[in-house]
Each structure stands twice: as structure tokens, then as C-alpha cells.
Amino acid sequence: MYPIRRNRRLRTSEAIRSLVRETIITPNDFLVPIFIVEGKGVKEEIASMPGYYRYSLDLLPVEIKELWSLGLKSVLLFVKVPDNLKDNTGKEALNANGLMQRAIQTVKNTVPEMLVMTDVALDPYSVFGHDGIVSEAKVINDDTNAVLAEMALSHAKAGADFVAPSDMMDGRIFEIRSLLEDEGFHDTGIMSYSAKYASAFYGPFRDALDSAPVDKKDIPKDKKTYQMDPANRREALKETLMDIDEGADIVMVKPGLCYLDIVRDIREAVDVPVAVYQVSGEYAMLKAAAAKGWLEHDAVMMEQVTAIKRAGAHIIASYFAKDVVKLIQ
Ligand code: PBG
């Protein structure tokens, strides 16, 4: 007891603090989300995500080379689909020459060693802004799964290393794994968004991709029939264990900061790597507060990513990845 034990001895200098520090952030922790758009010479800032951009394919190599030189070796690709290619079937998502498929090839042609993960969900391709096929005011589970599996296969054929289904349909991991196996893509991995909540923190992302659910009669106005209720904890474990049984190589919790209890639960219960997605709203919140001079950007950013890793994340998908790595270099 005190005074024999004084906890402050281990905090007296930076040297001792760093010697006993439990959680260290490195470039290896990060997966970098990238937004891609059609066009030439496009690098447009997303209004609700200051400092984050959409790139056209001709400018993508510049960004990919920079990430690689910073030690960031994994990307997660998202595409903004032109309105005239959106429908209620996800047809364009299967186009072998579609934007996503060309983006995968562009990254691989630029830095072949870069790990490429792709978002698999119909929302950017949906006229209704839903992750699946809509019929009679419902998002139809099994019809959606069939398209998602074809979409994942198409990404694998284009060269994706991992596909990342973000839709929360039941059974989609099994459908995707089965088709990939049938077609010989044994080494293509699946990172499942297994505990994805119906969060209000996705707003800026939906701006980035113009993918928000539309406000129309007979169209569900939110994603609450497939994404999880933020009030639920035990359900996250059920979802995650099912995805692992169905063939997920990596599982994910999303969003990050508000869900770190879930991250810890899952980290302790599973034997696969756990990813956490620090989402667009979490990024926007800090950028806005920092711009007002209300929060110290770099310190809060480091505290946040450290907390995510401390909670149990092996992988952090974050829009702050570049900022963090530049800071700690
Ligand atoms: C699409 C998808 C979303 C995000 C990742 N994939 C949006 C949503 O589910 O509405 C959100 C990412 C973010 O907010 O940064 N299925």
C-alpha cells in the first residue's frame, strides 16, 4: 500500500512512460478507405469530410504510391456510381469493366504488393440507396445475396485480395464463400462487416458516394431492418460467430468509438482478426471541432485510434490513417 506503492513512479518521464506503454500505433494497424469517381483529373474534396477526396482513376496511382511510401499497405475501395448506371438490380456492380473493377486493376498495376479490399454492397448502385434489392417496401435478403456473391466474384476476378461485404444480409458470407470456392478463388479472403450498426455516423460517407436511402413512398427510409440496433450488445456476438462459421476470415465492428464495448466482447470471443471501422461521422466530428479551435486535432486523433486498438482492434479502417502515419513518422 501507499507509500510503498506509488503509481506515479511509472509516469515520471517520457522514457519510463514509453517503456511501460501497452498500446503502440504503427502504420501496420491501418486499412485506408479510398473513394473513386469517374472522370479525368478529378481530386474533389468531400464537403463533410475536410481533407478527404474522391479520385478519378488517372490520379489514383499518385495516391496509392504515397500511401505505400508511408508504409500504408492496405486499401479499402469504394466507388461513386453515376446516376444513369443505378438501378434496383445491381447490374452495374457486376460489370467486368465497371469503375470498381477498373479501380482494382489500377491499384494492382501501380503497386502490385498493395493489399486491395473492396466494398461489397449494392447501395452505391441502388436507385433507392439501399444495400439490397427493394421490393414491396422491403429489402429482399436472398435475392440480394445472389447478386452480392456475383459482385464479390467479379471483384476477385479483377484482382481483389479481399472482399468486404458491408450489407448485413443474412447468409451472405456463406453465399460469397461458396461461389468463390466453386470458381477457384480459394485465396480470396472475406472481411465481413459482421457487427454493423444502423448508425447516424455514416452521413458524410453517404454524401461522398451519393448513396443515402431516398425519401420515397414504399421505400424504407433507413437501414434499420438490416443494420443492427445500437442498443444491442449480445446480438453483435451472434452475428459475428455466424459470419465466422459461414467463412469470414476477418470480422469487423462498425462504427468505432461508440462501440468499443462490442470490440472488446468480440476480441475475447473469437480467434480471427478483428477490424474496427472508425467511420466518416467520427472523422467529420473531429475535423469540425478542430477547425473551430475547440479540440486539439492531433492529440485527439491519436487518443481515438489508440483507444480503438486498446479495446481489441487488430485492424483500424480509418480516414485518419495518413494523418496518423505522418504524425508518428
Ligand atoms: C455501404 C457502406 C457504408 C459505410 C461503409 N459501407 C454506409 C452505409 O451502410 O450506409 C459507412 C462508412 C463510413 O461512414 O465511413 N454499405
# chains A, B, ... in the order shown; residues from 1 in each chain; ligands from 1
call {"tool": "residues_near_ligand", "arguments": {"ligand": "ligand 1", "cutoff": "8 Å", "atoms": "only C-alpha atoms and all ligand atoms", "output": "ChimeraX atom specification"}}
result
/A:78,119-124,130-131,165-167,196,198,201-206,211-212,223,227,255,277-281,319
call {"tool": "write_last_selection", "arguments": {"atoms": "N, CA and C atoms", "output": "mmCIF file, in the first residue's frame"}}
result
data_model
loop_
_atom_site.group_PDB
_atom_site.id
_atom_site.type_symbol
_atom_site.label_atom_id
_atom_site.label_comp_id
_atom_site.auth_asym_id
_atom_site.auth_seq_id
_atom_site.Cartn_x
_atom_site.Cartn_y
_atom_site.Cartn_z
ATOM 1 N N PHE A 78 -14.041 2.120 -52.483
ATOM 2 C CA PHE A 78 -15.467 2.457 -52.642
ATOM 3 C C PHE A 78 -15.619 3.258 -53.926
ATOM 4 N N ASP A 119 -15.409 -2.893 -51.143
ATOM 5 C CA ASP A 119 -16.725 -2.872 -50.515
ATOM 6 C C ASP A 119 -17.701 -3.661 -51.383
ATOM 7 N N VAL A 120 -18.410 -4.589 -50.754
ATOM 8 C CA VAL A 120 -19.442 -5.349 -51.467
ATOM 9 C C VAL A 120 -20.792 -5.031 -50.819
ATOM 10 N N ALA A 121 -21.571 -4.220 -51.509
ATOM 11 C CA ALA A 121 -22.933 -3.852 -51.083
ATOM 12 C C ALA A 121 -23.543 -3.105 -52.252
ATOM 13 N N LEU A 122 -24.857 -3.096 -52.331
ATOM 14 C CA LEU A 122 -25.482 -2.505 -53.513
ATOM 15 C C LEU A 122 -25.767 -1.013 -53.401
ATOM 16 N N ASP A 123 -25.604 -0.424 -52.211
ATOM 17 C CA ASP A 123 -26.068 0.968 -52.044
ATOM 18 C C ASP A 123 -25.526 1.976 -53.064
ATOM 19 N N PRO A 124 -24.249 1.935 -53.438
ATOM 20 C CA PRO A 124 -23.809 2.940 -54.430
ATOM 21 C C PRO A 124 -24.437 2.720 -55.806
ATOM 22 N N HIS A 130 -30.261 1.655 -51.168
ATOM 23 C CA HIS A 130 -30.270 0.540 -50.220
ATOM 24 C C HIS A 130 -29.202 -0.489 -50.567
ATOM 25 N N ASP A 131 -28.795 -1.236 -49.536
ATOM 26 C CA ASP A 131 -27.722 -2.210 -49.725
ATOM 27 C C ASP A 131 -28.198 -3.467 -50.441
ATOM 28 N N PRO A 165 -18.000 -7.499 -47.520
ATOM 29 C CA PRO A 165 -19.451 -7.288 -47.587
ATOM 30 C C PRO A 165 -19.916 -6.407 -46.419
ATOM 31 N N SER A 166 -20.570 -5.293 -46.761
ATOM 32 C CA SER A 166 -20.953 -4.303 -45.747
ATOM 33 C C SER A 166 -22.465 -4.161 -45.650
ATOM 34 N N ASP A 167 -23.179 -5.176 -46.137
ATOM 35 C CA ASP A 167 -24.626 -5.035 -46.339
ATOM 36 C C ASP A 167 -25.502 -5.552 -45.194
ATOM 37 N N LYS A 196 -22.385 -4.526 -37.772
ATOM 38 C CA LYS A 196 -22.527 -3.176 -38.327
ATOM 39 C C LYS A 196 -23.854 -2.598 -37.849
ATOM 40 N N ALA A 198 -26.904 0.314 -37.304
ATOM 41 C CA ALA A 198 -27.674 1.332 -38.025
ATOM 42 C C ALA A 198 -27.353 2.680 -37.378
ATOM 43 N N PHE A 201 -23.780 7.941 -37.758
ATOM 44 C CA PHE A 201 -22.434 8.429 -38.065
ATOM 45 C C PHE A 201 -22.010 8.197 -39.517
ATOM 46 N N TYR A 202 -22.856 7.579 -40.342
ATOM 47 C CA TYR A 202 -22.474 7.312 -41.738
ATOM 48 C C TYR A 202 -22.812 8.458 -42.692
ATOM 49 N N GLY A 203 -23.394 9.532 -42.167
ATOM 50 C CA GLY A 203 -23.858 10.625 -43.022
ATOM 51 C C GLY A 203 -22.844 11.137 -44.032
ATOM 52 N N PRO A 204 -21.638 11.518 -43.591
ATOM 53 C CA PRO A 204 -20.664 12.065 -44.554
ATOM 54 C C PRO A 204 -20.278 11.073 -45.646
ATOM 55 N N PHE A 205 -20.217 9.771 -45.295
ATOM 56 C CA PHE A 205 -19.913 8.740 -46.292
ATOM 57 C C PHE A 205 -20.985 8.715 -47.381
ATOM 58 N N ARG A 206 -22.245 8.840 -46.955
ATOM 59 C CA ARG A 206 -23.332 8.809 -47.943
ATOM 60 C C ARG A 206 -23.286 10.059 -48.819
ATOM 61 N N SER A 211 -25.127 8.086 -51.729
ATOM 62 C CA SER A 211 -25.722 6.749 -51.592
ATOM 63 C C SER A 211 -26.755 6.650 -50.470
ATOM 64 N N ALA A 212 -27.271 7.785 -50.011
ATOM 65 C CA ALA A 212 -28.239 7.746 -48.904
ATOM 66 C C ALA A 212 -29.570 7.162 -49.368
ATOM 67 N N LYS A 223 -31.927 2.068 -42.711
ATOM 68 C CA LYS A 223 -31.385 0.717 -42.907
ATOM 69 C C LYS A 223 -31.609 -0.169 -41.684
ATOM 70 N N GLN A 227 -29.257 -3.337 -40.720
ATOM 71 C CA GLN A 227 -28.163 -2.995 -39.811
ATOM 72 C C GLN A 227 -28.665 -3.101 -38.365
ATOM 73 N N PRO A 255 -19.810 1.415 -36.202
ATOM 74 C CA PRO A 255 -18.665 2.317 -36.104
ATOM 75 C C PRO A 255 -17.657 1.937 -35.002
ATOM 76 N N TYR A 277 -14.061 -0.151 -37.863
ATOM 77 C CA TYR A 277 -14.175 0.942 -38.831
ATOM 78 C C TYR A 277 -14.493 2.236 -38.078
ATOM 79 N N GLN A 278 -13.513 3.125 -38.048
ATOM 80 C CA GLN A 278 -13.736 4.465 -37.495
ATOM 81 C C GLN A 278 -14.370 5.265 -38.630
ATOM 82 N N VAL A 279 -15.662 5.515 -38.552
ATOM 83 C CA VAL A 279 -16.421 5.908 -39.743
ATOM 84 C C VAL A 279 -16.382 7.400 -40.029
ATOM 85 N N SER A 280 -17.026 7.745 -41.140
ATOM 86 C CA SER A 280 -16.976 9.115 -41.663
ATOM 87 C C SER A 280 -17.444 10.160 -40.653
ATOM 88 N N GLY A 281 -18.495 9.859 -39.896
ATOM 89 C CA GLY A 281 -19.000 10.834 -38.929
ATOM 90 C C GLY A 281 -18.023 11.081 -37.792
ATOM 91 N N TYR A 319 -10.132 7.063 -41.857
ATOM 92 C CA TYR A 319 -9.809 8.196 -42.726
ATOM 93 C C TYR A 319 -8.640 8.998 -42.172
#
call {"tool": "residues_around", "arguments": {"residues": "segment 180-185 of chain A", "least_positions_apart": "2", "cutoff": "12 Å", "atoms": "only C-alpha atoms", "output": "short mmCIF file (atom, residue, chain, number, x, y, z; two decimals) with C-alpha atoms, in the first residue's frame"}}
result
data_model
loop_
_atom_site.label_atom_id
_atom_site.label_comp_id
_atom_site.auth_asym_id
_atom_site.auth_seq_id
_atom_site.Cartn_x
_atom_site.Cartn_y
_atom_site.Cartn_z
CA LEU A 148 -23.59 -9.91 -53.75
CA ALA A 149 -21.93 -13.25 -54.44
CA GLU A 150 -21.62 -12.41 -58.16
CA MET A 151 -20.31 -8.96 -57.23
CA ALA A 152 -17.67 -10.46 -54.93
CA LEU A 153 -16.65 -12.89 -57.67
CA SER A 154 -16.33 -10.03 -60.14
CA HIS A 155 -14.03 -8.18 -57.73
CA ALA A 156 -11.97 -11.32 -57.20
CA LYS A 157 -11.62 -11.76 -60.96
CA ALA A 158 -10.45 -8.15 -61.26
CA GLY A 159 -7.73 -8.87 -58.71
CA ALA A 160 -9.14 -8.00 -55.27
CA ASP A 161 -7.35 -9.77 -52.42
CA PHE A 162 -10.26 -9.48 -50.01
CA VAL A 163 -13.91 -8.66 -50.46
CA ILE A 173 -20.88 -14.71 -46.21
CA PHE A 174 -21.84 -18.31 -46.95
CA GLU A 175 -23.13 -17.42 -50.42
CA ILE A 176 -19.99 -15.44 -51.25
CA ARG A 177 -17.57 -18.06 -49.85
CA SER A 178 -19.37 -20.85 -51.72
CA ASP A 187 -7.23 -17.42 -51.71
CA THR A 188 -9.62 -14.50 -51.97
CA GLY A 189 -10.42 -13.53 -48.39
CA ILE A 190 -13.58 -12.18 -46.82
CA GLY A 247 -16.39 -18.38 -43.80
#
call {"tool": "select_by_dssp", "arguments": {"residues": "segment 83-278 of chain A", "states": "alpha helix (DSSP H)", "output": "ChimeraX atom specification"}}
result
/A:99-110,141-158,172-182,203-209,234-246,260-269
call {"tool": "write_last_selection", "arguments": {"atoms": "C-alpha atoms", "output": "compact mmCIF listing (two decimals), in the first residue's frame"}}
result
# COMPACT_ATOMS: atom_id res chain seq x y z
CA LEU A 99 -15.47 1.54 -62.06
CA MET A 100 -14.66 -0.76 -59.15
CA GLN A 101 -13.19 -3.44 -61.39
CA ARG A 102 -11.00 -0.85 -63.16
CA ALA A 103 -10.01 0.66 -59.81
CA ILE A 104 -8.81 -2.71 -58.51
CA GLN A 105 -6.69 -3.15 -61.64
CA THR A 106 -5.34 0.38 -61.37
CA VAL A 107 -4.15 -0.17 -57.81
CA LYS A 108 -2.60 -3.54 -58.67
CA ASN A 109 -0.88 -2.11 -61.74
CA THR A 110 0.54 0.74 -59.64
CA ASN A 141 -32.48 -10.87 -48.39
CA ASP A 142 -31.87 -13.93 -50.56
CA ASP A 143 -32.17 -12.21 -53.96
CA THR A 144 -29.66 -9.67 -52.71
CA ASN A 145 -27.26 -12.41 -51.60
CA ALA A 146 -27.20 -13.89 -55.09
CA VAL A 147 -26.10 -10.53 -56.55
CA LEU A 148 -23.59 -9.91 -53.75
CA ALA A 149 -21.93 -13.25 -54.44
CA GLU A 150 -21.62 -12.41 -58.16
CA MET A 151 -20.31 -8.96 -57.23
CA ALA A 152 -17.67 -10.46 -54.93
CA LEU A 153 -16.65 -12.89 -57.67
CA SER A 154 -16.33 -10.03 -60.14
CA HIS A 155 -14.03 -8.18 -57.73
CA ALA A 156 -11.97 -11.32 -57.20
CA LYS A 157 -11.62 -11.76 -60.96
CA ALA A 158 -10.45 -8.15 -61.26
CA ARG A 172 -24.25 -13.55 -47.49
CA ILE A 173 -20.88 -14.71 -46.21
CA PHE A 174 -21.84 -18.31 -46.95
CA GLU A 175 -23.13 -17.42 -50.42
CA ILE A 176 -19.99 -15.44 -51.25
CA ARG A 177 -17.57 -18.06 -49.85
CA SER A 178 -19.37 -20.85 -51.72
CA LEU A 179 -19.25 -19.08 -55.06
CA LEU A 180 -15.60 -18.07 -54.63
CA GLU A 181 -14.70 -21.69 -53.83
CA ASP A 182 -16.73 -23.03 -56.76
CA GLY A 203 -23.86 10.62 -43.02
CA PRO A 204 -20.66 12.06 -44.55
CA PHE A 205 -19.91 8.74 -46.29
CA ARG A 206 -23.33 8.81 -47.94
CA ASP A 207 -22.50 12.35 -49.12
CA ALA A 208 -19.21 11.08 -50.50
CA LEU A 209 -20.90 8.38 -52.58
CA ARG A 234 -25.30 -9.70 -27.34
CA GLU A 235 -26.57 -9.68 -30.90
CA ALA A 236 -23.15 -8.48 -32.11
CA LEU A 237 -21.56 -11.67 -30.90
CA LYS A 238 -24.27 -13.80 -32.52
CA GLU A 239 -23.79 -12.02 -35.87
CA THR A 240 -20.01 -12.31 -35.65
CA LEU A 241 -19.92 -16.01 -34.74
CA MET A 242 -22.32 -16.81 -37.57
CA ASP A 243 -20.15 -14.94 -40.08
CA ILE A 244 -17.08 -16.88 -38.93
CA ASP A 245 -18.99 -20.16 -39.33
CA GLU A 246 -20.00 -19.06 -42.82
CA LEU A 260 -15.68 -0.25 -28.10
CA ASP A 261 -17.52 -2.46 -25.60
CA ILE A 262 -18.56 -4.57 -28.59
CA VAL A 263 -14.98 -4.64 -29.87
CA ARG A 264 -13.76 -6.00 -26.54
CA ASP A 265 -16.51 -8.62 -26.37
CA ILE A 266 -15.68 -9.87 -29.84
CA ARG A 267 -11.93 -9.75 -29.42
CA GLU A 268 -12.26 -12.03 -26.40
CA ALA A 269 -14.67 -14.43 -28.06
call {"tool": "closest_residue", "arguments": {"among": "A:Gly39, A:Pro33, A:Pro50, A:Gly132", "to": "Ala291 of chain A", "atoms": "only C-alpha atoms"}}
result
A:Pro50
call {"tool": "atom_distance", "arguments": {"atom1": "atom CA of Pro273 of chain A", "atom2": "atom CA of Ala313 of chain A"}}
result
7.9 Å
call {"tool": "residues_around", "arguments": {"residues": "segment 20-29 of chain A", "least_positions_apart": "6", "cutoff": "7 Å", "atoms": "only C-alpha atoms", "output": "PDB file with C-alpha atoms, in the first residue's frame"}}
result
ATOM      1  CA  GLY A  71       4.004   2.287 -45.010  1.00  0.00           C
ATOM      2  CA  LEU A  72       0.256   2.023 -45.559  1.00  0.00           C
ATOM      3  CA  THR A 306      -5.119   4.249 -29.506  1.00  0.00           C
ATOM      4  CA  ARG A 310      -6.565  -0.884 -26.854  1.00  0.00           C
ATOM      5  CA  HIS A 314      -6.155  -5.704 -34.915  1.00  0.00           C
ATOM      6  CA  ILE A 315      -7.052  -3.557 -37.907  1.00  0.00           C
ATOM      7  CA  ILE A 316      -8.337   0.023 -37.968  1.00  0.00           C
ATOM      8  CA  VAL A 325       1.297   7.952 -40.021  1.00  0.00           C
TER       9      VAL A 325
END
call {"tool": "residues_around", "arguments": {"residues": "Leu59 of chain A", "least_positions_apart": "4", "cutoff": "8 Å", "atoms": "only C-alpha atoms", "output": "PDB file with N, CA and C atoms, in the first residue's frame"}}
result
ATOM      1  N   LYS A  40     -11.662  12.482 -65.432  1.00  0.00           N
ATOM      2  CA  LYS A  40     -10.210  12.653 -65.628  1.00  0.00           C
ATOM      3  C   LYS A  40      -9.737  13.836 -64.797  1.00  0.00           C
ATOM      4  N   GLY A  41      -8.618  13.663 -64.145  1.00  0.00           N
ATOM      5  CA  GLY A  41      -8.039  14.771 -63.377  1.00  0.00           C
ATOM      6  C   GLY A  41      -8.869  15.201 -62.188  1.00  0.00           C
ATOM      7  N   VAL A  42      -9.709  14.290 -61.687  1.00  0.00           N
ATOM      8  CA  VAL A  42     -10.586  14.665 -60.573  1.00  0.00           C
ATOM      9  C   VAL A  42      -9.953  14.301 -59.232  1.00  0.00           C
ATOM     10  N   LYS A  43      -9.787  15.324 -58.394  1.00  0.00           N
ATOM     11  CA  LYS A  43      -9.462  15.113 -56.979  1.00  0.00           C
ATOM     12  C   LYS A  43     -10.348  16.101 -56.243  1.00  0.00           C
ATOM     13  N   TYR A  55     -11.125  10.396 -55.969  1.00  0.00           N
ATOM     14  CA  TYR A  55     -10.126  10.425 -57.037  1.00  0.00           C
ATOM     15  C   TYR A  55     -10.653   9.759 -58.300  1.00  0.00           C
ATOM     16  N   GLU A  63      -1.923   8.717 -55.393  1.00  0.00           N
ATOM     17  CA  GLU A  63      -2.332   8.474 -54.007  1.00  0.00           C
ATOM     18  C   GLU A  63      -1.820   7.114 -53.511  1.00  0.00           C
TER      19      GLU A  63
END
call {"tool": "atom_distance", "arguments": {"atom1": "atom CA of Lys216 of chain A", "atom2": "atom CA of Phe128 of chain A"}}
result
8.4 Å
call {"tool": "select_by_dssp", "arguments": {"residues": "segment 75-272 of chain A", "states": "strand (DSSP E)", "output": "ChimeraX atom specification"}}
result
/A:75-80,115-120,133-135,138-140,162-165,189-196,250-254
call {"tool": "atom_distance", "arguments": {"atom1": "atom CA of Lys326 of chain A", "atom2": "atom CA of Leu286 of chain A"}}
result
17.4 Å
call {"tool": "closest_atom_pairs", "arguments": {"of": "segment 35-81 of chain A", "to": "segment 92-96 of chain A", "cutoff": "12 Å", "atoms": "only C-alpha atoms", "output": "tab-separated table"}}
result
residue	atom	partner	partner_atom	distance
A:Phe78	CA	A:Ala93	CA	11.6
A:Val79	CA	A:Ala93	CA	10.0
A:Lys80	CA	A:Ala93	CA	11.3
A:Val81	CA	A:Glu92	CA	8.8
call {"tool": "write_last_selection", "arguments": {"atoms": "C-alpha atoms", "output": "PDB file, in the first residue's frame"}}
result
ATOM      1  CA  PHE A  78     -15.467   2.457 -52.642  1.00  0.00           C
ATOM      2  CA  VAL A  79     -16.927   3.835 -55.868  1.00  0.00           C
ATOM      3  CA  LYS A  80     -19.314   6.672 -56.597  1.00  0.00           C
ATOM      4  CA  VAL A  81     -21.557   5.391 -59.358  1.00  0.00           C
TER       5      VAL A  81
END
call {"tool": "closest_residue", "arguments": {"among": "A:Val253, A:Leu70, A:Leu115, A:Met168", "to": "Ile328 of chain A", "atoms": "only C-alpha atoms"}}
result
A:Leu70
call {"tool": "closest_residue", "arguments": {"among": "A:Glu45, A:Glu303, A:Asp83, A:Glu113", "to": "Ile64 of chain A", "atoms": "only C-alpha atoms"}}
result
A:Glu113
